[in-house]
$ cat target_23.cif   # mmCIF, C-alpha atoms and all ligand atoms
data_entry
loop_
_atom_site.label_atom_id
_atom_site.label_comp_id
_atom_site.auth_asym_id
_atom_site.auth_seq_id
_atom_site.Cartn_x
_atom_site.Cartn_y
_atom_site.Cartn_z
CA MET A 1 -13.75 28.57 53.66
CA LYS A 2 -13.04 24.88 52.89
CA GLN A 3 -15.33 25.11 49.86
CA PHE A 4 -13.50 28.22 48.66
CA LEU A 5 -10.12 26.46 48.93
CA TYR A 6 -11.40 23.46 46.91
CA LEU A 7 -12.71 25.86 44.27
CA LEU A 8 -9.36 27.67 44.12
CA LEU A 9 -7.44 24.38 43.82
CA GLY A 10 -9.83 23.18 41.09
CA CYS A 11 -9.35 26.39 39.11
CA CYS A 12 -5.55 26.14 39.38
CA LEU A 13 -5.55 22.52 38.15
CA ALA A 14 -7.95 23.28 35.31
CA TRP A 15 -5.80 26.22 34.21
CA SER A 16 -2.38 24.61 34.54
CA ALA A 17 -3.07 21.19 32.98
CA PRO A 18 -3.63 22.29 29.35
CA THR A 19 -0.67 24.70 29.51
CA ALA A 20 1.71 21.94 30.53
CA LYS A 21 0.31 19.72 27.77
CA ALA A 22 0.65 22.45 25.14
CA GLN A 23 4.27 23.08 26.17
CA THR A 24 5.13 19.41 25.82
CA ALA A 25 3.52 19.22 22.39
CA SER A 26 5.22 22.32 21.02
CA SER A 27 8.64 21.48 22.43
CA THR A 28 8.42 18.04 20.79
CA SER A 29 7.34 19.40 17.41
CA LYS A 30 9.84 22.28 17.50
CA ALA A 31 12.78 19.98 18.22
CA LYS A 32 15.41 20.09 15.50
CA ASN A 33 15.10 17.29 12.95
CA THR A 34 18.23 15.31 12.19
CA ALA A 35 16.71 12.67 9.93
CA PHE A 36 13.94 11.97 7.42
CA LYS A 37 11.08 9.85 8.76
CA PRO A 38 8.95 8.93 5.74
CA GLY A 39 5.22 8.94 6.41
CA GLU A 40 5.49 10.55 9.86
CA LEU A 41 4.17 13.95 10.90
CA TRP A 42 6.65 16.60 9.73
CA TYR A 43 6.62 19.97 11.53
CA ASP A 44 8.08 23.28 10.36
CA THR A 45 10.40 25.33 12.56
CA GLU A 46 7.39 27.02 14.20
CA GLY A 47 5.92 23.67 15.24
CA ASN A 48 3.16 23.61 12.60
CA LEU A 49 2.63 20.70 10.24
CA ILE A 50 4.24 21.26 6.84
CA ASN A 51 1.52 21.89 4.24
CA ALA A 52 3.22 21.52 0.82
CA HIS A 53 1.71 18.68 -1.16
CA GLY A 54 2.42 17.57 -4.73
CA GLY A 55 5.48 19.76 -4.51
CA GLY A 56 9.03 20.24 -5.63
CA VAL A 57 12.25 21.78 -4.33
CA LEU A 58 14.47 24.52 -5.80
CA LEU A 59 18.02 25.20 -4.59
CA VAL A 60 19.06 28.89 -4.58
CA GLY A 61 22.61 29.49 -3.30
CA ASN A 62 22.75 27.32 -0.20
CA THR A 63 19.02 27.52 0.58
CA TYR A 64 16.40 25.02 -0.50
CA TYR A 65 12.84 26.16 -1.20
CA TRP A 66 10.02 23.64 -0.99
CA TYR A 67 6.86 24.60 -2.91
CA GLY A 68 3.65 22.64 -2.58
CA GLU A 69 -0.12 22.73 -2.51
CA LYS A 70 -1.58 24.43 0.54
CA ARG A 71 -4.53 22.26 1.47
CA ALA A 72 -7.38 22.65 3.91
CA GLN A 73 -9.34 19.46 4.56
CA HIS A 74 -10.25 19.34 0.86
CA GLN A 75 -9.99 22.85 -0.47
CA GLU A 76 -6.94 24.09 -2.31
CA GLU A 77 -5.67 27.38 -0.79
CA GLY A 78 -2.73 28.31 -3.02
CA VAL A 79 0.94 27.38 -3.10
CA ASN A 80 2.99 27.38 0.10
CA VAL A 81 6.75 27.88 0.26
CA TYR A 82 9.22 26.78 2.97
CA SER A 83 12.99 27.31 3.18
CA SER A 84 15.74 25.13 4.61
CA LYS A 85 19.52 24.90 4.75
CA ASP A 86 19.68 21.21 5.64
CA LEU A 87 16.55 19.60 4.08
CA TYR A 88 15.37 18.33 7.50
CA ASN A 89 14.21 21.62 9.08
CA TRP A 90 11.86 23.89 7.15
CA LYS A 91 10.87 27.47 7.90
CA TYR A 92 7.47 28.58 6.67
CA GLU A 93 7.89 31.51 4.23
CA GLY A 94 4.17 31.98 3.53
CA VAL A 95 1.85 31.60 0.57
CA ALA A 96 3.92 32.02 -2.60
CA LEU A 97 0.90 32.14 -4.94
CA THR A 98 -2.45 33.19 -3.54
CA PRO A 99 -5.76 32.40 -5.24
CA ALA A 100 -7.38 35.58 -6.63
CA THR A 101 -10.29 37.32 -4.94
CA ASP A 102 -11.57 38.33 -8.41
CA ALA A 103 -14.14 35.65 -9.31
CA GLN A 104 -13.36 36.15 -13.03
CA SER A 105 -9.70 35.20 -12.64
CA ASP A 106 -8.51 31.77 -13.83
CA ILE A 107 -7.05 31.31 -10.35
CA ALA A 108 -10.17 32.53 -8.49
CA ALA A 109 -10.43 31.11 -4.95
CA GLY A 110 -11.96 27.65 -5.31
CA CYS A 111 -9.81 26.72 -8.32
CA LEU A 112 -7.31 23.87 -8.02
CA MET A 113 -3.59 24.58 -8.24
CA GLU A 114 -1.87 21.21 -8.09
CA ARG A 115 1.71 19.96 -8.35
CA PRO A 116 3.45 23.38 -8.40
CA LYS A 117 7.08 23.40 -9.52
CA VAL A 118 9.45 26.39 -9.59
CA ILE A 119 12.56 26.91 -11.71
CA TYR A 120 14.93 29.87 -12.01
CA ASN A 121 15.51 31.56 -15.35
CA GLN A 122 19.12 32.80 -15.65
CA LYS A 123 18.33 35.07 -18.61
CA THR A 124 15.39 36.96 -17.10
CA GLY A 125 16.38 36.64 -13.42
CA LYS A 126 12.84 35.48 -12.63
CA TYR A 127 11.52 32.55 -10.64
CA VAL A 128 8.95 30.77 -12.78
CA MET A 129 6.22 28.55 -11.35
CA TRP A 130 4.17 26.08 -13.38
CA PHE A 131 1.23 24.20 -11.91
CA HIS A 132 -1.75 22.10 -12.92
CA LEU A 133 -4.77 24.40 -12.95
CA GLU A 134 -8.42 23.42 -12.75
CA LEU A 135 -10.95 26.21 -12.96
CA LYS A 136 -13.34 26.86 -10.10
CA GLY A 137 -16.44 24.67 -10.12
CA GLN A 138 -15.32 22.57 -13.10
CA SER A 139 -13.77 19.62 -11.26
CA TYR A 140 -10.92 18.26 -13.48
CA LYS A 141 -12.45 19.28 -16.84
CA ALA A 142 -10.32 22.32 -17.72
CA ALA A 143 -6.99 20.38 -17.66
CA ARG A 144 -4.74 23.42 -18.04
CA ALA A 145 -1.21 24.45 -17.11
CA GLY A 146 -0.81 27.70 -15.16
CA VAL A 147 2.26 29.95 -15.01
CA ALA A 148 3.29 32.55 -12.43
CA VAL A 149 6.50 34.58 -11.91
CA ALA A 150 8.35 36.20 -9.03
CA ASP A 151 11.50 38.22 -8.40
CA LYS A 152 12.34 36.29 -5.24
CA PRO A 153 12.10 32.56 -4.48
CA THR A 154 9.65 33.24 -1.66
CA GLY A 155 7.42 35.26 -3.99
CA PRO A 156 4.93 36.75 -4.08
CA PHE A 157 4.32 35.05 -7.44
CA ARG A 158 2.20 36.97 -9.97
CA TYR A 159 -0.15 34.91 -12.06
CA VAL A 160 0.74 35.17 -15.78
CA SER A 161 -1.53 32.87 -17.80
CA SER A 162 -3.07 29.44 -18.19
CA PHE A 163 -3.60 27.30 -21.27
CA ARG A 164 -3.65 23.84 -22.73
CA PRO A 165 -0.09 23.46 -24.09
CA ASN A 166 -0.33 23.40 -27.88
CA GLY A 167 -4.02 22.62 -27.42
CA ASN A 168 -3.36 19.46 -25.37
CA MET A 169 -5.07 18.67 -22.06
CA SER A 170 -2.58 19.08 -19.22
CA ARG A 171 -3.05 17.63 -15.74
CA ASP A 172 -0.28 16.12 -13.56
CA MET A 173 3.01 17.74 -14.46
CA GLY A 174 6.63 18.35 -13.67
CA LEU A 175 9.41 20.62 -14.90
CA PHE A 176 12.96 19.71 -15.77
CA VAL A 177 15.91 22.02 -16.50
CA ASP A 178 18.69 20.39 -18.49
CA ASP A 179 22.42 21.15 -18.14
CA ASP A 180 22.25 23.59 -21.10
CA GLY A 181 19.55 25.68 -19.37
CA ALA A 182 16.72 24.46 -21.62
CA ALA A 183 13.57 23.73 -19.61
CA TYR A 184 10.81 21.20 -20.26
CA HIS A 185 7.22 20.67 -19.15
CA ILE A 186 6.25 17.04 -18.79
CA TYR A 187 2.53 16.48 -18.54
CA SER A 188 -0.30 13.95 -18.52
CA SER A 189 -2.59 14.59 -21.45
CA ARG A 190 -5.61 13.13 -23.32
CA GLU A 191 -7.46 12.20 -20.08
CA ASN A 192 -4.09 11.05 -18.68
CA TYR A 193 -3.62 8.38 -21.36
CA ASP A 194 -0.69 10.24 -22.92
CA LEU A 195 2.46 11.53 -21.34
CA ARG A 196 3.86 14.48 -23.29
CA LEU A 197 6.95 16.67 -23.16
CA ALA A 198 7.20 20.26 -24.36
CA ARG A 199 10.34 22.36 -24.51
CA LEU A 200 9.74 25.80 -22.95
CA SER A 201 10.46 29.19 -24.48
CA ALA A 202 13.74 30.90 -23.46
CA ASP A 203 11.91 32.86 -20.71
CA TYR A 204 10.23 29.62 -19.47
CA LEU A 205 6.79 31.28 -19.65
CA THR A 206 5.27 29.37 -22.57
CA PRO A 207 5.61 25.99 -24.27
CA THR A 208 7.24 25.89 -27.69
CA THR A 209 5.80 23.75 -30.46
CA GLN A 210 8.56 21.22 -29.78
CA ASP A 211 5.97 19.11 -27.97
CA SER A 212 5.77 15.34 -28.40
CA LEU A 213 4.04 12.26 -27.13
CA LEU A 214 6.48 10.24 -25.01
CA PHE A 215 4.22 7.22 -24.56
CA ALA A 216 0.55 6.38 -24.11
CA LYS A 217 0.52 4.17 -21.02
CA HIS A 218 -2.04 5.98 -18.82
CA ARG A 219 0.46 7.40 -16.34
CA GLU A 220 0.58 10.47 -14.12
CA ALA A 221 2.72 12.12 -11.39
CA PRO A 222 5.81 12.45 -13.66
CA ALA A 223 9.22 13.26 -12.17
CA VAL A 224 12.35 13.49 -14.35
CA PHE A 225 15.98 13.36 -13.21
CA LYS A 226 19.32 12.94 -14.92
CA GLN A 227 22.23 10.79 -13.83
CA GLY A 228 25.35 9.70 -15.69
CA GLY A 229 24.15 11.31 -18.93
CA LYS A 230 20.85 9.37 -18.88
CA TYR A 231 17.37 10.70 -18.22
CA TYR A 232 15.08 8.86 -15.83
CA LEU A 233 11.33 9.28 -15.55
CA LEU A 234 9.23 8.13 -12.61
CA THR A 235 5.46 7.93 -12.99
CA SER A 236 2.46 6.50 -11.18
CA GLY A 237 -0.68 4.82 -12.46
CA CYS A 238 -4.00 6.70 -12.50
CA THR A 239 -6.14 5.72 -9.48
CA GLY A 240 -7.17 9.10 -8.05
CA TRP A 241 -5.82 9.57 -4.53
CA ALA A 242 -5.25 5.84 -4.03
CA PRO A 243 -1.69 4.52 -4.32
CA ASN A 244 -0.61 2.23 -7.15
CA GLU A 245 2.54 0.81 -8.71
CA ALA A 246 5.27 3.19 -9.84
CA SER A 247 7.30 2.71 -12.97
CA LEU A 248 10.67 3.95 -14.10
CA HIS A 249 11.72 4.66 -17.69
CA VAL A 250 15.15 5.58 -19.04
CA ALA A 251 16.21 7.47 -22.17
CA ASP A 252 19.28 8.98 -23.80
CA ASN A 253 17.17 11.84 -25.12
CA LEU A 254 14.32 13.63 -23.32
CA PHE A 255 12.03 13.19 -26.34
CA GLY A 256 12.69 9.46 -26.28
CA PRO A 257 12.60 6.67 -27.05
CA TRP A 258 11.85 5.87 -23.40
CA GLN A 259 12.60 2.34 -22.31
CA LEU A 260 10.66 0.78 -19.42
CA LEU A 261 12.90 -0.41 -16.57
CA GLY A 262 10.03 -1.48 -14.31
CA ASP A 263 9.10 -0.70 -10.72
CA PRO A 264 12.08 0.77 -8.80
CA MET A 265 10.49 0.17 -5.36
CA THR A 266 11.54 -2.94 -3.43
CA GLY A 267 10.24 -4.96 -0.48
CA PRO A 268 6.93 -4.84 1.40
CA ASN A 269 4.28 -2.46 0.00
CA ALA A 270 6.54 -1.71 -2.95
CA LYS A 271 3.75 -2.51 -5.41
CA LEU A 272 1.81 0.42 -3.94
CA THR A 273 4.81 2.79 -3.88
CA TYR A 274 4.76 2.46 -0.06
CA GLY A 275 1.33 4.12 -0.10
CA GLY A 276 2.67 7.19 -1.94
CA GLN A 277 2.70 8.83 -5.35
CA SER A 278 5.74 10.46 -6.96
CA THR A 279 6.00 14.23 -7.15
CA TYR A 280 9.68 15.13 -7.59
CA VAL A 281 13.24 13.81 -7.55
CA LEU A 282 15.68 16.16 -5.87
CA PRO A 283 19.39 16.00 -6.76
CA VAL A 284 21.45 16.58 -3.60
CA PRO A 285 24.39 18.86 -4.45
CA GLY A 286 27.91 17.98 -3.39
CA LYS A 287 27.19 14.27 -3.16
CA LYS A 288 27.79 11.85 -6.01
CA ASP A 289 24.69 10.12 -7.37
CA ALA A 290 22.58 11.45 -4.49
CA TYR A 291 18.90 11.93 -5.31
CA ILE A 292 15.86 12.09 -3.06
CA PHE A 293 12.59 10.58 -4.22
CA MET A 294 9.72 12.77 -3.00
CA ALA A 295 6.19 11.38 -2.86
CA ASP A 296 2.81 12.15 -1.32
CA ARG A 297 0.87 9.67 0.75
CA TRP A 298 -2.52 11.23 0.10
CA ASN A 299 -5.28 11.28 2.68
CA PRO A 300 -8.42 12.11 0.66
CA LYS A 301 -10.49 12.46 3.87
CA ASP A 302 -8.21 15.26 5.02
CA LEU A 303 -5.82 16.34 2.28
CA LYS A 304 -3.79 18.65 4.52
CA ASP A 305 -2.91 15.59 6.58
CA SER A 306 -1.41 13.83 3.55
CA ARG A 307 2.08 12.70 4.51
CA TYR A 308 5.44 13.02 2.77
CA LEU A 309 7.65 10.12 1.75
CA TRP A 310 11.23 11.17 1.10
CA LEU A 311 13.51 8.25 0.28
CA PRO A 312 17.02 7.93 -1.19
CA VAL A 313 17.37 6.80 -4.79
CA GLN A 314 20.14 4.22 -4.84
CA PHE A 315 21.98 3.05 -7.92
CA LYS A 316 22.34 -0.70 -7.68
CA ALA A 317 24.28 -2.20 -10.59
CA GLY A 318 23.77 1.16 -12.26
CA GLN A 319 19.97 0.95 -11.96
CA PRO A 320 17.96 3.33 -9.73
CA THR A 321 16.15 1.57 -6.89
CA ILE A 322 14.13 3.04 -4.04
CA ASP A 323 14.06 0.97 -0.85
CA TRP A 324 11.79 1.67 2.10
CA LEU A 325 13.55 3.11 5.15
CA GLU A 326 11.82 4.00 8.44
CA GLN A 327 14.40 6.67 9.07
CA TRP A 328 17.50 7.92 7.29
CA ASP A 329 19.78 10.90 6.87
CA LEU A 330 22.03 12.33 4.17
CA GLY A 331 24.96 10.28 5.49
CA HIS A 332 23.18 7.37 3.82
CA PHE A 333 24.53 8.51 0.44
CA SER A 334 28.16 8.06 1.55
CA LYS A 335 27.35 4.44 2.39
CA GLN A 336 26.23 3.64 -1.17
CA LEU A 337 28.23 0.93 -2.92
C1 LIG B 401 -4.01 12.06 -8.87
C2 LIG B 401 -3.10 13.21 -9.11
O1 LIG B 401 -1.81 12.75 -9.18
C3 LIG B 401 -3.25 14.22 -7.98
O2 LIG B 401 -2.37 15.27 -8.19
C4 LIG B 401 -4.69 14.66 -7.95
O3 LIG B 401 -5.01 15.33 -9.14
C5 LIG B 401 -5.59 13.45 -7.77
N1 LIG B 401 -5.35 12.49 -8.84
C6 LIG B 401 -7.05 13.81 -7.76
O4 LIG B 401 -7.85 12.66 -7.69
#
$ encode --input "target_23.cif" --output "structure tokens" --more "lines below"
Ligand code: DGJ
Amino acid sequence: MKQFLYLLLGCCLAWSAPTAKAQTASSTSKAKNTAFKPGELWYDTEGNLINAHGGGVLLVGNTYYWYGEKRAQHQEEGVNVYSSKDLYNWKYEGVALTPATDAQSDIAAGCLMERPKVIYNQKTGKYVMWFHLELKGQSYKAARAGVAVADKPTGPFRYVSSFRPNGNMSRDMGLFVDDDGAAYHIYSSRENYDLRLARLSADYLTPTTQDSLLFAKHREAPAVFKQGGKYYLLTSGCTGWAPNEASLHVADNLFGPWQLLGDPMTGPNAKLTYGGQSTYVLPVPGKKDAYIFMADRWNPKDLKDSRYLWLPVQFKAGQPTIDWLEQWDLGHFSKQL
């Protein structure tokens, strides 16, 4: 009898301990976020880690959509999309663009779809995604841009085509829509030595031949934003997944000339972009001169565990600077001088 009671007690303890632990973990991760914590684990509203790397954000009405690479430990698994009303709390909306099961497709499972960006085309009413595409089994040799479209921001996106814009290699990339609705593809070309800009067709699905070299400084991870009538361009160096020094250029015209302003990061670890690499600069609506620098702190041993660095861009003496902050919220922008 005594033995039976011990056995029963043992079973109860063994059964209840993991449950209590699981509850603690999920209630912590499901707690509402009220601040950005750069480099820390960031959970979606279901308590799962956000998996949206090399991404960008699109605002539709009063909802933000965050698109990014869905990564397994190494493998690329398509483009994920999340939605949010406040930029701190993100609901998982699913895979916006799924790799094809057809092995002949350009986006056959096993391909690489990196740095996806989505823009909305007013004329066609379509959401248009561009991404850096590498064909299955060819490492980074193909150097193409891929395009997909959808009727809704959450997709599903339908693959349209892939190509080298005007015959140029195209790896890291970003998109930028100007105030007049014209859209541009900015991309690292010629083995990443050149940074090029191409104006897109009216439907945003193809590059036009208005496609120029901006500069040949061996840069990647381009992110363009506009403030006070000037265009700014953030880039990284080319060191694979390892962090390096960022640089900021400014221009009056998107096609240049682009003038180097230097490294906008300040303080400790600034020379390594705080361990991150630029992916996008998000203008925050309703706040003057409010922009969020978005970067990836890559973990090449486990790419899905790469962390996100979101930091405020601050205009000091009219010049954009990006300071490190352990934690911050959107109220930070009201405090700007
Ligand atoms: C750096 C790029 O910015 C990333 O998007 C990715 O392509 C890695 N290189 C691969 O090494």
$ residues_near_ligand --input "target_23.cif" --ligand "ligand LIG 401 (chain B)" --cutoff "8 Å" --atoms "only C-alpha atoms and all ligand atoms" --output "mmCIF file with C-alpha atoms, in the coordinates of the input"
data_model
loop_
_atom_site.group_PDB
_atom_site.id
_atom_site.type_symbol
_atom_site.label_atom_id
_atom_site.label_comp_id
_atom_site.auth_asym_id
_atom_site.auth_seq_id
_atom_site.Cartn_x
_atom_site.Cartn_y
_atom_site.Cartn_z
ATOM 1 C CA GLY A 54 2.420 17.570 -4.730
ATOM 2 C CA GLU A 114 -1.870 21.210 -8.090
ATOM 3 C CA ARG A 115 1.710 19.960 -8.350
ATOM 4 C CA TYR A 140 -10.920 18.260 -13.480
ATOM 5 C CA ARG A 171 -3.050 17.630 -15.740
ATOM 6 C CA ASP A 172 -0.280 16.120 -13.560
ATOM 7 C CA GLU A 220 0.580 10.470 -14.120
ATOM 8 C CA ALA A 221 2.720 12.120 -11.390
ATOM 9 C CA SER A 236 2.460 6.500 -11.180
ATOM 10 C CA CYS A 238 -4.000 6.700 -12.500
ATOM 11 C CA THR A 239 -6.140 5.720 -9.480
ATOM 12 C CA GLY A 240 -7.170 9.100 -8.050
ATOM 13 C CA TRP A 241 -5.820 9.570 -4.530
ATOM 14 C CA ALA A 242 -5.250 5.840 -4.030
ATOM 15 C CA GLN A 277 2.700 8.830 -5.350
#
$ residues_around --input "target_23.cif" --residues "Thr34 in chain A" --least-positions-apart "4" --cutoff "9 Å" --atoms "all atoms listed in the file" --output "JSON list (two decimals) with C-alpha atoms, keeping the file's coordinate frame"
[["chain", "number", "residue", "atom", "x", "y", "z"],
["A", 86, "ASP", "CA", 19.68, 21.21, 5.64],
["A", 88, "TYR", "CA", 15.37, 18.33, 7.50],
["A", 89, "ASN", "CA", 14.21, 21.62, 9.08],
["A", 328, "TRP", "CA", 17.50, 7.92, 7.29],
["A", 329, "ASP", "CA", 19.78, 10.90, 6.87]]
$ atom_distance --input "target_23.cif" --atom1 "CA of Trp66 in chain A" --atom2 "CA of Asp106 in chain A"
24.0 Å
$ residues_around --input "target_23.cif" --residues "Ala148 in chain A" --least-positions-apart "4" --cutoff "9 Å" --atoms "all atoms listed in the file" --output "list of chain:residue names"
A:Leu97, A:Tyr127, A:Val128, A:Met129, A:Trp130, A:Phe131, A:Phe157, A:Arg158, A:Tyr159, A:Val160, A:Ser161, A:Leu205
$ residues_around --input "target_23.cif" --residues "Asp305 in chain A" --least-positions-apart "3" --cutoff "10 Å" --atoms "all atoms listed in the file" --output "VMD selection string"
chain A and resid 41 49 to 51 53 71 to 73 297 to 302 308
$ closest_residue --input "target_23.cif" --among "A:Gly256, A:Gly174, A:Gly276, A:Gly146" --to "Ser105 in chain A" --atoms "all atoms listed in the file"
A:Gly146
$ residues_around --input "target_23.cif" --residues "Asp203 in chain A" --least-positions-apart "3" --cutoff "10 Å" --atoms "only C-alpha atoms" --output "ChimeraX atom specification"
/A:120-126,128,182-183,200,206-207
$ closest_residue --input "target_23.cif" --among "A:Ser139, A:Gln75, A:Gln314, A:Ser212" --to "Leu254 in chain A" --atoms "all atoms listed in the file"
A:Ser212
$ closest_residue --input "target_23.cif" --among "A:Pro283, A:Gly47, A:Gly94, A:Gly39" --to "Val224 in chain A" --atoms "all atoms listed in the file"
A:Pro283
$ closest_residue --input "target_23.cif" --among "A:Val95, A:Ala317, A:Ala52, A:Leu303" --to "Gly68 in chain A" --atoms "all atoms listed in the file"
A:Ala52
$ residues_around --input "target_23.cif" --residues "Ser162 in chain A" --least-positions-apart "4" --cutoff "7 Å" --atoms "all atoms listed in the file" --output "mmCIF file with C-alpha atoms, in the coordinates of the input"
data_model
loop_
_atom_site.group_PDB
_atom_site.id
_atom_site.type_symbol
_atom_site.label_atom_id
_atom_site.label_comp_id
_atom_site.auth_asym_id
_atom_site.auth_seq_id
_atom_site.Cartn_x
_atom_site.Cartn_y
_atom_site.Cartn_z
ATOM 1 C CA ARG A 144 -4.740 23.420 -18.040
ATOM 2 C CA ALA A 145 -1.210 24.450 -17.110
ATOM 3 C CA GLY A 146 -0.810 27.700 -15.160
ATOM 4 C CA VAL A 147 2.260 29.950 -15.010
#
$ atom_distance --input "target_23.cif" --atom1 "CA of Gly275 in chain A" --atom2 "CA of Leu325 in chain A"
13.3 Å
$ closest_residue --input "target_23.cif" --among "A:Thr321, A:Pro257, A:Gly78, A:Lys226" --to "Thr101 in chain A" --atoms "all atoms listed in the file"
A:Gly78
$ atom_distance --input "target_23.cif" --atom1 "CA of Asp211 in chain A" --atom2 "CA of Leu133 in chain A"
19.2 Å
$ closest_residue --input "target_23.cif" --among "A:Pro38, A:Gln104, A:Ala150, A:Gly331" --to "Tyr274 in chain A" --atoms "only C-alpha atoms"
A:Pro38
$ axis_aligned_box --input "target_23.cif" --around "range 200-206 of chain A" --padding-each-side "3 Å" --output "AutoDock Vina command-line options"
--center_x 9.5 --center_y 29.3 --center_z -22.0 --size_x 14.5 --size_y 13.1 --size_z 11.0
$ residues_near_point --input "target_23.cif" --point "(15.2, 27.1, 5.0)" --cutoff "9 Å" --atoms "all atoms listed in the file" --output "JSON, numbers by chain"
{"A": [63, 64, 65, 66, 82, 83, 84, 85, 86, 87, 89, 90, 91, 92, 93]}
$ build_atoms --input "target_23.cif" --residues "range 105-121 of chain A" --atoms "N, CA and C atoms" --output "PDB file, in the coordinates of the input"
ATOM      1  N   SER A 105     -11.070  35.650 -12.376  1.00  0.00           N
ATOM      2  CA  SER A 105      -9.700  35.200 -12.640  1.00  0.00           C
ATOM      3  C   SER A 105      -9.659  33.689 -12.838  1.00  0.00           C
ATOM      4  N   ASP A 106      -8.718  33.225 -13.667  1.00  0.00           N
ATOM      5  CA  ASP A 106      -8.510  31.770 -13.830  1.00  0.00           C
ATOM      6  C   ASP A 106      -8.150  31.122 -12.503  1.00  0.00           C
ATOM      7  N   ILE A 107      -7.466  31.901 -11.640  1.00  0.00           N
ATOM      8  CA  ILE A 107      -7.050  31.310 -10.350  1.00  0.00           C
ATOM      9  C   ILE A 107      -7.930  31.844  -9.201  1.00  0.00           C
ATOM     10  N   ALA A 108      -9.224  32.080  -9.521  1.00  0.00           N
ATOM     11  CA  ALA A 108     -10.170  32.530  -8.490  1.00  0.00           C
ATOM     12  C   ALA A 108     -10.208  31.503  -7.351  1.00  0.00           C
ATOM     13  N   ALA A 109     -10.343  32.007  -6.119  1.00  0.00           N
ATOM     14  CA  ALA A 109     -10.430  31.110  -4.950  1.00  0.00           C
ATOM     15  C   ALA A 109     -11.455  30.012  -5.257  1.00  0.00           C
ATOM     16  N   GLY A 110     -11.086  28.775  -4.983  1.00  0.00           N
ATOM     17  CA  GLY A 110     -11.960  27.650  -5.310  1.00  0.00           C
ATOM     18  C   GLY A 110     -11.439  26.877  -6.511  1.00  0.00           C
ATOM     19  N   CYS A 111     -10.446  27.468  -7.219  1.00  0.00           N
ATOM     20  CA  CYS A 111      -9.810  26.720  -8.320  1.00  0.00           C
ATOM     21  C   CYS A 111      -8.893  25.665  -7.694  1.00  0.00           C
ATOM     22  N   LEU A 112      -8.298  24.822  -8.519  1.00  0.00           N
ATOM     23  CA  LEU A 112      -7.310  23.870  -8.020  1.00  0.00           C
ATOM     24  C   LEU A 112      -5.958  24.207  -8.621  1.00  0.00           C
ATOM     25  N   MET A 113      -4.970  24.376  -7.758  1.00  0.00           N
ATOM     26  CA  MET A 113      -3.590  24.580  -8.240  1.00  0.00           C
ATOM     27  C   MET A 113      -2.809  23.395  -7.693  1.00  0.00           C
ATOM     28  N   GLU A 114      -2.519  22.436  -8.558  1.00  0.00           N
ATOM     29  CA  GLU A 114      -1.870  21.210  -8.090  1.00  0.00           C
ATOM     30  C   GLU A 114      -0.455  21.090  -8.644  1.00  0.00           C
ATOM     31  N   ARG A 115       0.356  20.337  -7.918  1.00  0.00           N
ATOM     32  CA  ARG A 115       1.710  19.960  -8.350  1.00  0.00           C
ATOM     33  C   ARG A 115       2.583  21.137  -8.794  1.00  0.00           C
ATOM     34  N   PRO A 116       2.633  22.231  -8.007  1.00  0.00           N
ATOM     35  CA  PRO A 116       3.450  23.380  -8.400  1.00  0.00           C
ATOM     36  C   PRO A 116       4.942  23.039  -8.406  1.00  0.00           C
ATOM     37  N   LYS A 117       5.627  23.565  -9.420  1.00  0.00           N
ATOM     38  CA  LYS A 117       7.080  23.400  -9.520  1.00  0.00           C
ATOM     39  C   LYS A 117       7.667  24.758  -9.887  1.00  0.00           C
ATOM     40  N   VAL A 118       8.821  25.086  -9.318  1.00  0.00           N
ATOM     41  CA  VAL A 118       9.450  26.390  -9.590  1.00  0.00           C
ATOM     42  C   VAL A 118      10.856  26.178 -10.118  1.00  0.00           C
ATOM     43  N   ILE A 119      11.200  26.936 -11.165  1.00  0.00           N
ATOM     44  CA  ILE A 119      12.560  26.910 -11.710  1.00  0.00           C
ATOM     45  C   ILE A 119      13.048  28.350 -11.851  1.00  0.00           C
ATOM     46  N   TYR A 120      14.363  28.515 -11.906  1.00  0.00           N
ATOM     47  CA  TYR A 120      14.930  29.870 -12.010  1.00  0.00           C
ATOM     48  C   TYR A 120      15.432  30.089 -13.426  1.00  0.00           C
ATOM     49  N   ASN A 121      15.068  31.244 -14.001  1.00  0.00           N
ATOM     50  CA  ASN A 121      15.510  31.560 -15.350  1.00  0.00           C
ATOM     51  C   ASN A 121      16.708  32.519 -15.293  1.00  0.00           C
TER      52      ASN A 121
END
